[in-house]
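Trainee: The file below is data.txt, compact mmCIF, C-alpha atoms:
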```txt
# COMPACT_ATOMS: atom_id res chain seq x y z
CA MET A 1 -10.47 24.99 37.33
CA ASN A 2 -12.13 28.24 36.38
CA GLU A 3 -9.82 28.48 33.39
CA GLN A 4 -10.80 25.00 32.18
CA PRO A 5 -14.50 24.83 32.93
CA SER A 6 -15.35 22.22 30.30
CA VAL A 7 -12.47 19.80 30.55
CA ASN A 8 -14.13 17.45 33.02
CA PRO A 9 -17.67 17.05 31.75
CA SER A 10 -19.44 13.72 31.88
CA GLY A 11 -18.70 11.17 29.18
CA GLU A 12 -21.72 12.15 27.10
CA GLU A 13 -21.04 15.86 27.46
CA TRP A 14 -17.44 15.36 26.52
CA GLU A 15 -18.39 13.36 23.45
CA ALA A 16 -20.93 15.99 22.43
CA LYS A 17 -18.37 18.74 22.85
CA VAL A 18 -15.82 16.90 20.68
CA ARG A 19 -18.48 16.24 18.05
CA GLU A 20 -19.69 19.83 17.96
CA THR A 21 -16.15 21.24 17.84
CA ALA A 22 -14.99 18.88 15.09
CA GLN A 23 -17.82 19.95 12.80
CA HIS A 24 -16.23 23.39 12.45
CA PHE A 25 -12.89 22.08 11.20
CA PRO A 26 -11.59 24.31 8.37
CA TYR A 27 -10.64 21.79 5.67
CA PRO A 28 -8.69 22.96 2.63
CA GLU A 29 -10.73 23.14 -0.54
CA THR A 30 -11.10 19.69 -2.08
CA PRO A 31 -9.21 19.52 -5.39
CA ASP A 32 -10.84 18.03 -8.48
CA ILE A 33 -9.62 14.47 -7.98
CA SER A 34 -11.79 13.01 -10.71
CA ALA A 35 -10.18 15.07 -13.48
CA SER A 36 -6.70 13.86 -12.62
CA VAL A 37 -7.71 10.26 -12.01
CA ARG A 38 -9.85 9.57 -15.06
CA PRO A 39 -6.93 9.14 -17.52
CA ALA A 40 -5.24 6.65 -15.20
CA ILE A 41 -8.47 4.70 -14.79
CA ARG A 42 -8.96 4.58 -18.55
CA ARG A 43 -5.45 3.22 -18.96
CA ASN A 44 -6.13 0.65 -16.29
CA ARG A 45 -9.36 -0.41 -17.95
CA ARG A 46 -7.61 -0.82 -21.26
CA THR A 47 -5.11 -3.23 -19.73
CA LEU A 48 -7.96 -5.28 -18.30
CA SER A 49 -9.80 -5.57 -21.59
CA PRO A 50 -9.80 -9.14 -22.99
CA ILE A 51 -8.83 -7.80 -26.43
CA TRP A 52 -5.78 -6.10 -25.00
CA ARG A 53 -4.90 -9.17 -23.01
CA ILE A 54 -4.84 -11.22 -26.20
CA ALA A 55 -2.88 -8.52 -27.99
CA ALA A 56 -0.35 -8.39 -25.16
CA ALA A 57 0.04 -12.17 -25.22
CA VAL A 58 0.61 -12.14 -28.99
CA LEU A 59 3.15 -9.34 -28.63
CA LEU A 60 4.95 -11.20 -25.88
CA ALA A 61 5.13 -14.34 -28.00
CA PHE A 62 6.46 -12.28 -30.92
CA LEU A 63 9.11 -10.65 -28.76
CA LEU A 64 10.25 -14.02 -27.48
CA LEU A 65 10.46 -15.29 -31.06
CA MET A 66 12.56 -12.31 -31.99
CA LEU A 67 14.88 -13.02 -29.08
CA ALA A 68 15.92 -16.22 -30.78
CA VAL A 69 17.91 -14.09 -33.24
CA PRO A 70 20.98 -12.75 -31.40
CA GLU A 71 21.41 -9.71 -33.65
CA VAL A 72 17.81 -8.73 -33.22
CA ARG A 73 18.06 -9.35 -29.52
CA ALA A 74 21.06 -7.06 -29.21
CA VAL A 75 19.79 -4.25 -31.39
CA VAL A 76 16.04 -4.18 -31.11
CA LEU A 77 15.25 -5.22 -27.62
CA ASP A 78 16.47 -3.67 -24.37
CA PHE A 79 13.96 -5.37 -22.15
CA ILE A 80 10.48 -6.80 -21.94
CA GLN A 81 8.06 -5.96 -19.18
CA ILE A 82 5.40 -8.08 -17.54
CA GLY A 83 3.36 -6.19 -14.99
CA ALA A 84 5.72 -4.67 -12.46
CA LEU A 85 8.67 -6.78 -13.62
CA ARG A 86 11.13 -5.60 -16.25
CA ILE A 87 13.27 -8.38 -17.71
CA PHE A 88 16.61 -7.60 -19.32
CA PRO A 89 18.03 -10.30 -21.58
CA VAL A 90 21.54 -11.54 -20.85
CA GLU A 91 23.74 -14.12 -22.51
CA PRO A 92 23.68 -17.54 -20.84
CA THR A 93 26.85 -18.37 -18.93
CA ALA A 94 28.34 -21.48 -17.41
CA THR A 95 28.10 -19.93 -13.99
CA THR A 96 24.92 -19.81 -12.02
CA THR A 97 25.03 -16.05 -11.84
CA PRO A 98 24.59 -14.32 -15.19
CA HIS A 99 26.63 -11.31 -16.05
CA ILE A 100 24.59 -8.12 -15.81
CA PRO A 101 24.97 -6.09 -18.97
CA THR A 102 25.23 -2.36 -19.40
CA VAL A 103 21.54 -2.11 -20.17
CA ARG A 104 21.04 -2.11 -16.42
CA PRO A 105 19.00 0.95 -15.46
CA SER A 106 20.70 3.81 -13.70
CA ALA A 107 21.04 3.31 -10.00
CA ASN A 108 21.93 5.67 -7.20
CA SER A 109 23.28 2.99 -4.92
CA GLU A 110 24.38 -0.61 -4.95
CA PRO A 111 21.79 -3.11 -3.79
CA THR A 112 22.25 -5.42 -0.85
CA PRO A 113 23.19 -8.89 -2.19
CA LEU A 114 21.19 -11.78 -0.78
CA ALA A 115 22.36 -15.38 -0.98
CA SER A 116 18.87 -16.79 -0.49
CA ALA A 117 15.24 -15.78 -0.27
CA LEU A 118 15.58 -16.61 3.43
CA ASP A 119 17.86 -13.58 3.76
CA MET A 120 15.13 -11.18 2.71
CA PRO A 121 14.57 -8.41 5.23
CA GLY A 122 11.15 -7.57 6.61
CA GLU A 123 10.06 -10.98 7.90
CA THR A 124 6.56 -10.87 9.25
CA THR A 125 3.43 -12.98 9.57
CA LEU A 126 1.00 -13.87 6.81
CA ASP A 127 -1.79 -11.89 8.47
CA ASP A 128 0.42 -8.85 8.86
CA ALA A 129 1.55 -9.00 5.22
CA ARG A 130 -2.07 -9.25 4.11
CA ALA A 131 -3.08 -6.32 6.29
CA LYS A 132 -0.21 -4.03 5.36
CA SER A 133 0.38 -4.87 1.72
CA GLY A 134 -2.70 -2.99 0.55
CA PHE A 135 -3.66 -5.74 -1.88
CA THR A 136 -5.41 -9.09 -1.73
CA PHE A 137 -3.45 -12.18 -2.65
CA GLY A 138 -4.18 -15.88 -2.48
CA LEU A 139 -2.04 -18.86 -1.57
CA PRO A 140 -1.28 -21.85 -3.77
CA THR A 141 -3.37 -24.92 -3.02
CA TYR A 142 -1.23 -27.16 -5.20
CA PRO A 143 0.58 -29.38 -4.36
CA ALA A 144 -2.14 -30.44 -1.93
CA ASP A 145 0.29 -30.97 0.96
CA LEU A 146 2.10 -27.66 0.44
CA GLY A 147 0.52 -25.95 3.43
CA LEU A 148 1.16 -22.39 4.54
CA PRO A 149 4.46 -20.67 3.73
CA ASN A 150 7.18 -21.16 6.34
CA HIS A 151 8.39 -17.58 5.99
CA VAL A 152 6.68 -14.36 4.92
CA TYR A 153 8.49 -11.13 4.10
CA LEU A 154 7.08 -7.69 3.40
CA GLN A 155 9.14 -4.92 1.83
CA ASN A 156 7.35 -1.94 3.27
CA TYR A 157 8.16 0.85 0.87
CA HIS A 158 5.64 3.16 -0.76
CA GLU A 159 4.68 0.18 -2.89
CA LYS A 160 4.78 -3.28 -1.43
CA LEU A 161 6.52 -6.56 -2.23
CA VAL A 162 5.37 -9.72 -0.48
CA THR A 163 7.64 -12.78 -0.52
CA LEU A 164 6.35 -16.18 0.56
CA VAL A 165 8.88 -18.96 1.14
CA TRP A 166 8.25 -22.66 1.63
CA THR A 167 11.20 -24.67 2.96
CA ILE A 168 11.98 -28.33 2.46
CA PRO A 169 10.47 -30.44 5.26
CA ASP A 170 13.15 -31.29 7.85
CA HIS A 171 15.50 -28.83 6.14
CA PRO A 172 14.36 -25.42 7.31
CA ASP A 173 17.43 -23.74 5.82
CA GLN A 174 16.68 -24.95 2.29
CA VAL A 175 14.11 -23.28 0.07
CA LEU A 176 11.55 -25.46 -1.65
CA MET A 177 9.58 -22.74 -3.42
CA THR A 178 9.32 -18.96 -3.39
CA LEU A 179 6.34 -16.89 -4.48
CA GLU A 180 6.68 -13.13 -4.79
CA ILE A 181 3.72 -10.82 -5.24
CA LEU A 182 4.49 -7.36 -6.58
CA ASP A 183 2.16 -4.42 -6.61
CA SER A 184 1.86 -3.26 -10.19
CA HIS A 185 3.39 0.10 -9.39
CA LEU A 186 6.47 -1.46 -7.88
CA LEU A 187 9.19 -1.91 -10.44
CA ALA A 188 11.69 -4.72 -10.19
CA SER A 189 14.31 -5.79 -12.70
CA LYS A 190 15.34 -9.26 -13.62
CA PHE A 191 18.33 -10.29 -15.67
CA ALA A 192 17.81 -13.59 -17.40
CA PRO A 193 18.83 -15.54 -20.51
CA LEU A 194 15.58 -15.17 -22.40
CA GLN A 195 16.27 -17.39 -25.38
CA GLU A 196 14.97 -20.43 -23.50
CA SER A 197 11.98 -18.54 -22.17
CA GLU A 198 8.53 -19.18 -23.48
CA SER A 199 5.14 -17.61 -23.21
CA VAL A 200 2.77 -19.99 -21.42
CA SER A 201 -0.94 -20.05 -20.69
CA VAL A 202 -2.07 -19.65 -17.09
CA LYS A 203 -5.79 -19.57 -16.40
CA GLY A 204 -6.85 -16.17 -15.06
CA ALA A 205 -3.56 -14.50 -16.01
CA SER A 206 -3.07 -11.71 -18.53
CA ASP A 207 0.52 -12.64 -19.40
CA ALA A 208 2.73 -15.48 -18.32
CA LEU A 209 6.38 -16.24 -19.02
CA TRP A 210 8.34 -19.37 -18.13
CA MET A 211 12.10 -19.00 -17.63
CA PRO A 212 13.75 -22.36 -17.07
CA THR A 213 17.26 -21.14 -16.27
CA SER A 214 18.88 -19.41 -13.36
CA SER A 215 18.92 -15.66 -13.36
CA MET A 216 19.22 -12.64 -11.15
CA ALA A 217 16.56 -10.39 -9.71
CA VAL A 218 17.13 -6.82 -8.63
CA TYR A 219 14.51 -4.78 -6.89
CA PHE A 220 14.33 -1.03 -7.02
CA PHE A 221 11.48 0.63 -5.32
CA GLU A 222 11.73 4.38 -5.45
CA SER A 223 13.62 6.87 -7.58
CA ASN A 224 15.44 4.07 -9.43
CA ARG A 225 17.22 3.15 -6.21
CA PHE A 226 18.27 -0.48 -6.10
CA VAL A 227 17.57 -2.08 -2.76
CA LEU A 228 17.99 -5.84 -3.02
CA GLU A 229 19.76 -8.22 -5.39
CA ARG A 230 19.35 -11.96 -5.39
CA SER A 231 20.65 -14.80 -7.53
CA ILE A 232 18.03 -17.37 -8.45
CA GLN A 233 19.05 -20.99 -8.80
CA SER A 234 15.77 -22.38 -10.01
CA SER A 235 13.23 -21.88 -12.77
CA VAL A 236 10.87 -18.94 -12.68
CA LEU A 237 7.27 -18.47 -13.78
CA VAL A 238 6.09 -14.86 -14.02
CA TRP A 239 2.46 -13.92 -14.56
CA THR A 240 0.08 -11.03 -14.01
CA ALA A 241 -3.45 -11.29 -12.67
CA LYS A 242 -5.91 -8.77 -11.24
CA GLY A 243 -3.40 -5.96 -11.23
CA LEU A 244 -0.67 -7.90 -9.44
CA THR A 245 2.53 -9.47 -10.71
CA TYR A 246 3.55 -12.90 -9.44
CA ARG A 247 6.99 -14.58 -9.57
CA LEU A 248 7.21 -18.24 -8.70
CA GLU A 249 10.66 -19.73 -8.18
CA THR A 250 10.60 -23.49 -8.16
CA SER A 251 12.42 -26.63 -9.20
CA LEU A 252 9.13 -28.04 -10.49
CA SER A 253 8.55 -28.62 -14.18
CA LYS A 254 6.84 -26.00 -16.33
CA ASP A 255 3.49 -27.81 -16.25
CA GLU A 256 3.67 -28.28 -12.51
CA ALA A 257 4.56 -24.61 -12.00
CA VAL A 258 1.55 -23.58 -14.09
CA ARG A 259 -0.64 -25.81 -11.91
CA VAL A 260 0.72 -24.04 -8.83
CA ALA A 261 -0.04 -20.65 -10.41
CA GLU A 262 -3.57 -21.68 -11.28
CA SER A 263 -4.19 -23.01 -7.77
CA LEU A 264 -4.02 -19.65 -5.99
CA ARG A 265 -7.05 -19.20 -3.74
CA MET B 266 -16.47 9.78 -8.07
CA GLN B 267 -17.15 13.45 -7.42
CA ALA B 268 -19.74 12.50 -4.83
CA HIS B 269 -17.09 10.86 -2.68
CA GLN B 270 -13.89 12.73 -3.42
CA GLU B 271 -14.48 15.28 -0.68
CA ALA B 272 -14.83 12.65 2.05
CA VAL B 273 -11.80 10.75 0.78
CA PHE B 274 -9.67 13.88 0.54
CA ARG B 275 -10.74 15.08 3.97
CA LEU B 276 -9.95 11.80 5.69
CA ALA B 277 -6.50 11.76 4.06
CA TYR B 278 -5.95 15.38 5.06
CA LEU B 279 -6.88 14.70 8.68
CA MET B 280 -4.54 11.71 8.81
CA LEU B 281 -1.62 13.31 6.96
CA GLY B 282 -1.95 17.01 7.72
CA ASP B 283 -0.83 18.10 4.27
CA ALA B 284 -3.11 19.00 1.37
CA GLY B 285 -0.63 17.83 -1.28
CA ASP B 286 -0.18 14.44 0.36
CA ALA B 287 -3.93 14.17 0.84
CA GLU B 288 -4.53 14.85 -2.85
CA ASP B 289 -1.99 12.17 -3.81
CA VAL B 290 -3.67 9.66 -1.52
CA ALA B 291 -7.13 10.58 -2.80
CA GLN B 292 -6.01 10.03 -6.40
CA GLU B 293 -4.39 6.72 -5.54
CA THR B 294 -7.51 5.67 -3.67
CA PHE B 295 -9.70 5.98 -6.76
CA ILE B 296 -7.11 4.38 -9.02
CA ARG B 297 -6.83 1.39 -6.70
CA ALA B 298 -10.56 1.16 -6.26
CA PHE B 299 -11.06 0.84 -10.00
CA ARG B 300 -8.08 -1.46 -10.39
CA TYR B 301 -9.43 -3.86 -7.78
CA LEU B 302 -13.06 -3.45 -8.70
CA ASP B 303 -13.39 -7.22 -8.92
CA ALA B 304 -12.71 -7.41 -5.18
CA PHE B 305 -15.51 -4.97 -4.29
CA ASP B 306 -18.42 -6.53 -2.44
CA PRO B 307 -21.59 -4.95 -3.90
CA SER B 308 -23.37 -5.45 -0.58
CA ARG B 309 -21.00 -2.90 0.96
CA SER B 310 -21.17 0.86 0.70
CA TRP B 311 -19.00 2.18 -2.12
CA ARG B 312 -18.10 5.21 -0.02
CA ASN B 313 -17.07 3.08 2.94
CA TRP B 314 -14.91 0.96 0.67
CA LEU B 315 -13.19 4.07 -0.67
CA LEU B 316 -12.63 5.46 2.82
CA GLY B 317 -11.16 2.13 3.90
CA ILE B 318 -8.66 2.26 1.03
CA ALA B 319 -7.87 5.91 1.79
CA ALA B 320 -7.24 5.10 5.47
CA ASN B 321 -4.93 2.24 4.51
CA LEU B 322 -2.96 4.34 2.02
CA SER B 323 -2.70 7.21 4.49
CA ARG B 324 -1.36 4.83 7.12
CA ASN B 325 1.24 3.54 4.69
CA ARG B 326 2.28 7.03 3.70
CA ARG B 327 2.63 8.08 7.31
CA ARG B 328 4.90 5.14 7.96
CA ALA B 329 6.95 6.03 4.91
CA LEU B 330 7.66 9.50 6.25
CA GLY B 331 10.11 7.88 8.63
CA ARG B 332 11.89 9.04 11.66
CA TYR B 333 12.68 12.50 10.38
CA LEU B 334 9.10 13.68 10.25
CA HIS B 335 8.33 11.80 13.40
CA HIS B 336 11.02 13.85 15.09
CA LEU B 337 9.55 17.04 13.67
CA GLY B 338 6.19 15.98 15.01
CA ARG B 339 7.67 15.57 18.47
CA LEU B 340 9.11 19.06 18.26
CA ALA B 341 5.74 20.43 17.17
CA ARG B 342 4.12 18.85 20.20
CA LEU B 343 6.27 20.99 22.45
CA VAL B 344 4.55 24.19 21.28
CA PRO B 345 0.88 23.32 20.85
CA GLU B 346 -0.60 26.70 21.73
CA GLU B 347 1.50 28.51 19.17
CA SER B 348 0.58 26.01 16.49
CA ILE B 349 -2.99 27.26 16.19
CA ASP B 350 -3.33 29.04 12.89
CA PRO B 351 -3.63 32.78 13.64
CA GLU B 352 -5.32 33.29 10.28
CA THR B 353 -8.26 31.13 11.27
CA GLU B 354 -11.33 33.30 11.00
CA SER B 355 -13.57 32.14 13.80
CA SER B 356 -13.06 30.90 17.32
CA GLN B 357 -15.04 27.80 16.36
CA GLN B 358 -12.55 27.05 13.62
CA ALA B 359 -9.66 27.79 15.96
CA ASN B 360 -11.19 25.38 18.44
CA ALA B 361 -11.57 22.73 15.76
CA GLN B 362 -7.96 23.14 14.66
CA ALA B 363 -6.77 22.89 18.25
CA LEU B 364 -8.89 19.78 18.70
CA TRP B 365 -7.31 18.27 15.58
CA ARG B 366 -3.83 18.93 16.99
CA ALA B 367 -4.87 17.33 20.26
CA VAL B 368 -6.15 14.28 18.38
CA GLN B 369 -2.82 14.07 16.54
CA ARG B 370 -1.16 13.38 19.92
CA LEU B 371 -3.08 10.11 20.15
CA GLU B 372 -2.20 6.69 18.78
CA GLN B 373 -3.09 6.15 15.14
CA THR B 374 -6.03 3.85 15.87
CA ASP B 375 -7.48 6.42 18.27
CA GLN B 376 -7.06 9.15 15.68
CA GLU B 377 -8.80 7.21 12.94
CA ILE B 378 -11.85 6.43 15.01
CA ILE B 379 -12.26 10.05 16.14
CA TYR B 380 -11.78 11.39 12.61
CA LEU B 381 -14.40 9.06 11.21
CA ARG B 382 -16.97 9.43 13.99
CA PHE B 383 -16.72 13.14 14.76
CA PHE B 384 -14.89 14.98 12.00
CA LEU B 385 -16.46 13.08 9.11
CA GLU B 386 -19.62 12.21 11.03
CA ARG B 387 -19.75 8.54 10.10
CA SER B 388 -22.07 6.34 12.15
CA VAL B 389 -20.79 3.52 14.34
CA GLU B 390 -21.84 1.00 11.69
CA GLU B 391 -20.17 2.96 8.88
CA THR B 392 -16.99 3.38 10.91
CA ALA B 393 -16.96 -0.34 11.61
CA ASP B 394 -17.31 -1.10 7.90
CA ILE B 395 -14.56 1.33 6.91
CA LEU B 396 -12.08 0.02 9.48
CA ALA B 397 -13.16 -3.62 9.02
CA ILE B 398 -13.89 -4.09 12.72
CA ALA B 399 -17.04 -4.93 14.69
CA PRO B 400 -19.42 -2.13 15.77
CA GLY B 401 -18.83 -3.12 19.38
CA THR B 402 -15.11 -2.64 18.87
CA VAL B 403 -15.77 0.82 17.44
CA LYS B 404 -17.67 1.75 20.61
CA SER B 405 -15.04 0.44 23.00
CA ARG B 406 -12.17 2.00 21.04
CA LEU B 407 -14.04 5.26 20.82
CA TYR B 408 -14.64 5.35 24.56
CA ARG B 409 -10.97 4.80 25.28
CA ALA B 410 -9.87 7.27 22.61
CA LEU B 411 -12.13 9.98 24.05
CA GLU B 412 -10.73 9.41 27.53
CA ARG B 413 -7.20 9.67 26.25
CA LEU B 414 -8.13 12.79 24.29
CA ARG B 415 -9.58 14.31 27.44
CA GLY B 416 -6.22 13.75 29.16
CA VAL B 417 -4.30 15.39 26.31
CA VAL B 418 -6.58 18.41 26.33
CA GLN B 419 -6.32 18.80 30.08
CA GLN B 420 -2.54 18.71 30.00
CA GLU B 421 -1.67 20.44 26.75
CA PHE B 422 -4.63 22.35 25.34
CA PRO B 423 -6.34 24.49 27.97
CA VAL B 424 -6.52 27.19 25.29
CA LEU B 425 -8.86 24.95 23.32
CA TRP B 426 -11.67 25.50 25.80
CA ARG B 427 -10.76 29.02 26.84
CA VAL B 428 -11.26 30.16 23.25
CA ALA B 429 -14.69 28.56 23.22
CA ASP B 430 -15.75 30.32 26.38
CA GLU B 431 -14.70 33.79 25.28
```
Could you rewrite the structure in this file as structure tokens?
Mentor:
Amino acid sequence: MNEQPSVNPSGEEWEAKVRETAQHFPYPETPDISASVRPAIRRNRRTLSPIWRIAAAVLLAFLLLMLAVPEVRAVVLDFIQIGALRIFPVEPTATTTPHIPTVRPSANSEPTPLASALDMPGETTLDDARAKSGFTFGLPTYPADLGLPNHVYLQNYHEKLVTLVWTIPDHPDQVLMTLEILDSHLLASKFAPLQESESVSVKGASDALWMPTSSMAVYFFESNRFVLERSIQSSVLVWTAKGLTYRLETSLSKDEAVRVAESLR
Amino acid sequence: MQAHQEAVFRLAYLMLGDAGDAEDVAQETFIRAFRYLDAFDPSRSWRNWLLGIAANLSRNRRRALGRYLHHLGRLARLVPEESIDPETESSQQANAQALWRAVQRLEQTDQEIIYLRFFLERSVEETADILAIAPGTVKSRLYRALERLRGVVQQEFPVLWRVADE
């Protein structure tokens, strides 16, 4: 005990000893964070400016108009990007799964194919997803009887992807609606026939795109590494708001989907 | 921003143990804070909000390190006395470094509360705000964390107190 004279002090003495010792901790010199962060903040502010929002919406509408011309689509446009989602145009096919063209970004590995949103890995609770995602997201309050999602998934990479799934009442194996929330740094790809897509207005959103046909989504999280791949059998509404990107998959009409998007609380 | 960058960087450094990682987290903390400025409650302390984001990002980064680094950490725990930096100038600093390594043996929630209360000298109320828990919870967690820390020191870090007594 003589070698450890201070290890068994009273609670207050012990606390005081820890406090006094910790104050002498030799931290490394603090780097100039502000100098490296300012440019990123300026960029962020620019994207939030109402003028830039309008400009982005006009540009999106123009790009969609250009997509109506096949030659222009093939030559001029490789992809369009909304928030964290990059959308590559593909030709519509008779099958439900569109052919992925060679414009697909380089990948180091093949993604895991998923037959349904219910096959997503990382199932968790709503509270856990909210706590661990690092961002604040609301839930749709329309339709009024929608209720809480039946399944919640969190892809827990450096950036986060939250997937909320509502199933058809009495058919727990069938998906009614899926809402994905992507952190703006997370990059996902989507392959879709864009000629039927249209820019739509969603209150509170910077950009919004309605895609009424089936398509395919591929997620790659880090170092261009594909992780998940999923065919989508329903229509999709994509929009950005408050730094997040939302993807709603639903069999609802365009107007109804917009109402769902605007109902997030 | 400059007024708070030191606290943010230091919390990230304590939680991650690497200056490069801590700098990355500090940068991301400010970028996120400005990105989600709409979500900031003006009745809260700006510094506490930043430290809360930094703690969250540091937690996420630690999880992302995966099993490999976890394994390395387990190996490091086998040689605690040798892990004290011999270049440290004073016995007080050596003691503080040894204390830090002892704290690193604890669960993450225990670590965070000790870092905030004793290393960064935040009050109970500030710590509660940063971690989004009640002040009473801070006190009870702190009590338990200190008891667990005492056990770690007794078993693994007798040198921590011998250095102080020399």
Trainee: So, counting all atoms listed in the file, which residue among B:Asp306, B:Glu412, B:Glu372, B:Glu271 is closest to Ala319 (chain B)?
Mentor: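 Looking only at the distances to Ala319 (chain B), the closest residue turns out to be B:Glu271.
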Trainee: Please determine, counting all atoms listed in the file, which residue among A:Asp255, A:Glu13, A:Asp32, A:Asp128 has the shortest atom-to-atom distance to His269 (chain B).
Mentor: A:Asp32
Trainee: Can you tell me which residues surround Asn150 (chain A) at a distance of at most 8 Å, considering only C-alpha atoms, apart from same-chain residues fewer than 3 positions away, and format the answer as a PyMOL selection string?
Mentor: chain A and resi 164-167
Trainee: Which one is closest to Thr294 (chain B): A:Ile33, A:Ala84, A:Val18, A:Leu114? Count all atoms listed in the file.
Mentor: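 Selected residue with least distance to Thr294 (chain B): A:Ile33.
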Trainee: A:Glu198, A:Asp183, A:Asp127, A:Glu256: which is nearest Thr240 (chain A), counting only C-alpha atoms?
Mentor: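 Closest to Thr240 (chain A), using only C-alpha atoms: A:Asp183.
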Trainee: Find the residue from B:Val273, B:Ile395, B:Ala410, B:Leu279 that sits nearest to Tyr380 (chain B); use all atoms listed in the file when measuring.
Mentor: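 Checking each of B:Val273, B:Ile395, B:Ala410, B:Leu279 against Tyr380 (chain B), counting all atoms listed in the file, the winner is B:Leu279.
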Trainee: Residues within 8 Å of Thr124 (chain A), please, as a list in words. Count all atoms listed in the file; anything in the same chain fewer than 6 positions from it doesn't count.
Mentor: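 Listing them by chain and then by number gives His151, Val152, Tyr153 and Leu154 of chain A.
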